[in-house]
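What follows is one structure encoded as structure tokens, with my remarks underneath.
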Amino acid sequence: QIGKVGTVVGCDTSSCGACTILLDGRSAKSCSVLAVQADGSSVTTIEGLAGDEWHPVQAAFKECHGLQCGYCTPGMVMSAVDLLSENPNPTEAEIREGLEGNLCRCTGYHNIVKSVALAAETMKGGK
Ligand code: FES
Ligand code: FES
């Protein structure tokens, strides 16, 4: 109804993470949030992430080929943004743990993890 198509539904049962958005800056699986629960909150979808340039997480996914079909990507990116806001210097294990609620049916996890690690490096450099 509001013309936003970036956030996708994968399972509608809180299992896949494809629908992840930021609710007051924290990642949330939007399929399990009623509109009334978000009343008065800030909601950021993938469309709201980039400014004049890609967000560093988006740029890193592009650089590291962190997507194949792209269906999981909006949710992966939003979860990664939350992860890096909590832990700007994650280990590979911490990245994998941070993204464990997001499934990629193309199984491109290796490059997704590399993307998040690159984004962390980029953001540390203030880019
Ligand atoms: Fe799969 Fe929301 S659509 S967790
Ligand atoms: Fe296809 Fe993740 S890139 S589901």
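Ordering of the structure tokens sets the chain letters (A, B, ...), residue numbers begin anew at 1 in every chain, and ligands are numbered from 1 in the order given.
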Enumerate as a PyMOL selection string the residues within 8 Å of ligand 2, counting only C-alpha atoms and all ligand atoms.
chain A and resi 66-73+103-109
Would you output that residue set with N, CA and C atoms, as a short mmCIF file (atom, residue, chain, number, x, y, z; two decimals), in the first residue's frame?
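After the write, part08.cif holds the following:
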data_model
loop_
_atom_site.label_atom_id
_atom_site.label_comp_id
_atom_site.auth_asym_id
_atom_site.auth_seq_id
_atom_site.Cartn_x
_atom_site.Cartn_y
_atom_site.Cartn_z
N GLY A 66 27.99 -11.04 -2.36
CA GLY A 66 27.29 -11.62 -1.22
C GLY A 66 25.85 -11.97 -1.51
N LEU A 67 25.53 -12.11 -2.77
CA LEU A 67 24.16 -12.53 -3.11
C LEU A 67 24.16 -13.33 -4.40
N GLN A 68 23.18 -14.18 -4.48
CA GLN A 68 22.99 -14.94 -5.72
C GLN A 68 21.63 -14.54 -6.30
N CYS A 69 20.54 -15.17 -5.85
CA CYS A 69 19.24 -14.73 -6.37
C CYS A 69 18.81 -13.41 -5.74
N GLY A 70 19.35 -13.11 -4.56
CA GLY A 70 19.06 -11.84 -3.91
C GLY A 70 17.84 -11.83 -3.01
N TYR A 71 17.17 -12.96 -2.92
CA TYR A 71 15.91 -12.92 -2.16
C TYR A 71 16.15 -12.69 -0.67
N CYS A 72 17.18 -13.29 -0.14
CA CYS A 72 17.46 -13.12 1.30
C CYS A 72 18.18 -11.81 1.59
N THR A 73 18.67 -11.14 0.54
CA THR A 73 19.63 -10.05 0.73
C THR A 73 19.10 -8.87 1.55
N LEU A 103 18.20 -17.07 6.71
CA LEU A 103 18.51 -18.21 5.85
C LEU A 103 18.70 -17.76 4.40
N CYS A 104 19.68 -18.39 3.74
CA CYS A 104 19.89 -18.15 2.32
C CYS A 104 19.67 -19.47 1.59
N ARG A 105 18.62 -19.51 0.81
CA ARG A 105 18.33 -20.80 0.16
C ARG A 105 19.27 -21.06 -1.01
N CYS A 106 20.01 -20.04 -1.44
CA CYS A 106 21.07 -20.28 -2.42
C CYS A 106 22.35 -20.76 -1.73
N THR A 107 22.36 -20.76 -0.42
CA THR A 107 23.48 -21.20 0.42
C THR A 107 24.76 -20.42 0.15
N GLY A 108 24.62 -19.14 -0.08
CA GLY A 108 25.81 -18.33 -0.35
C GLY A 108 26.43 -17.75 0.90
N TYR A 109 26.44 -18.51 1.95
CA TYR A 109 26.85 -17.98 3.26
C TYR A 109 28.29 -17.48 3.29
#
Give me the residues within 10 Å of Arg26 in chain A as a JSON list (two decimals) with C-alpha atoms, in the first residue's frame, counting only C-alpha atoms and dropping any in the same chain fewer than 6 places off.
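See selection-v9.json below for the written result:
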[["chain", "number", "residue", "atom", "x", "y", "z"],
["A", 20, "THR", "CA", 14.06, -8.24, 8.45],
["A", 42, "SER", "CA", 10.96, 4.26, 13.61],
["A", 43, "VAL", "CA", 10.81, 1.66, 10.82],
["A", 44, "THR", "CA", 13.68, 1.40, 8.35],
["A", 78, "MET", "CA", 19.47, -5.24, 7.69],
["A", 79, "SER", "CA", 20.59, -7.91, 10.16],
["A", 81, "VAL", "CA", 23.64, -3.42, 9.97],
["A", 82, "ASP", "CA", 22.25, -4.24, 13.41],
["A", 83, "LEU", "CA", 25.06, -6.69, 14.09],
["A", 85, "SER", "CA", 26.02, -1.43, 15.33],
["A", 86, "GLU", "CA", 26.31, -3.76, 18.32]]
Using only C-alpha atoms and all ligand atoms, find each residue with an atom at most 6 Å away from ligand 1 and format the answer as a PDB file with C-alpha atoms, in the first residue's frame.
ATOM      1  CA  VAL A   9       8.278 -12.476   2.698  1.00  0.00           C
ATOM      2  CA  GLY A  10      10.065 -15.805   2.691  1.00  0.00           C
ATOM      3  CA  CYS A  11       8.220 -17.911   5.232  1.00  0.00           C
ATOM      4  CA  ASP A  12       5.808 -15.718   7.206  1.00  0.00           C
ATOM      5  CA  THR A  13       6.611 -17.819  10.275  1.00  0.00           C
ATOM      6  CA  SER A  14       9.671 -16.005  11.741  1.00  0.00           C
ATOM      7  CA  SER A  15      12.034 -18.637  10.398  1.00  0.00           C
ATOM      8  CA  CYS A  16      13.901 -17.190   7.422  1.00  0.00           C
ATOM      9  CA  GLY A  17      14.732 -13.548   8.155  1.00  0.00           C
ATOM     10  CA  ALA A  18      14.000 -12.375   4.604  1.00  0.00           C
ATOM     11  CA  CYS A  19      11.583  -9.800   6.016  1.00  0.00           C
ATOM     12  CA  LYS A  29      11.478  -9.930  11.551  1.00  0.00           C
ATOM     13  CA  SER A  30       8.650  -7.811  10.251  1.00  0.00           C
ATOM     14  CA  CYS A  31       6.398 -10.781   9.483  1.00  0.00           C
TER      15      CYS A  31
END
Alpha helix (DSSP H) positions in chain A, given as a count of residues only:
45
Restricting the calculation to only C-alpha atoms: of A:Val77, A:Ala38, A:Val57, A:Leu22, which residue gets closest to Glu121 in chain A?
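Residue with the minimum atom-to-atom distance to Glu121 in chain A: A:Val57.
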Which of chain A DSSP labels strand (DSSP E), written as number ranges by chain:
A: 20-23, 26-29, 43-44
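Minimum atom-to-atom distance to Pro56 in chain A, evaluated using only C-alpha atoms, belongs to A:Ala119 out of A:Ala119, A:Pro88, A:Asp24, A:Lys124.
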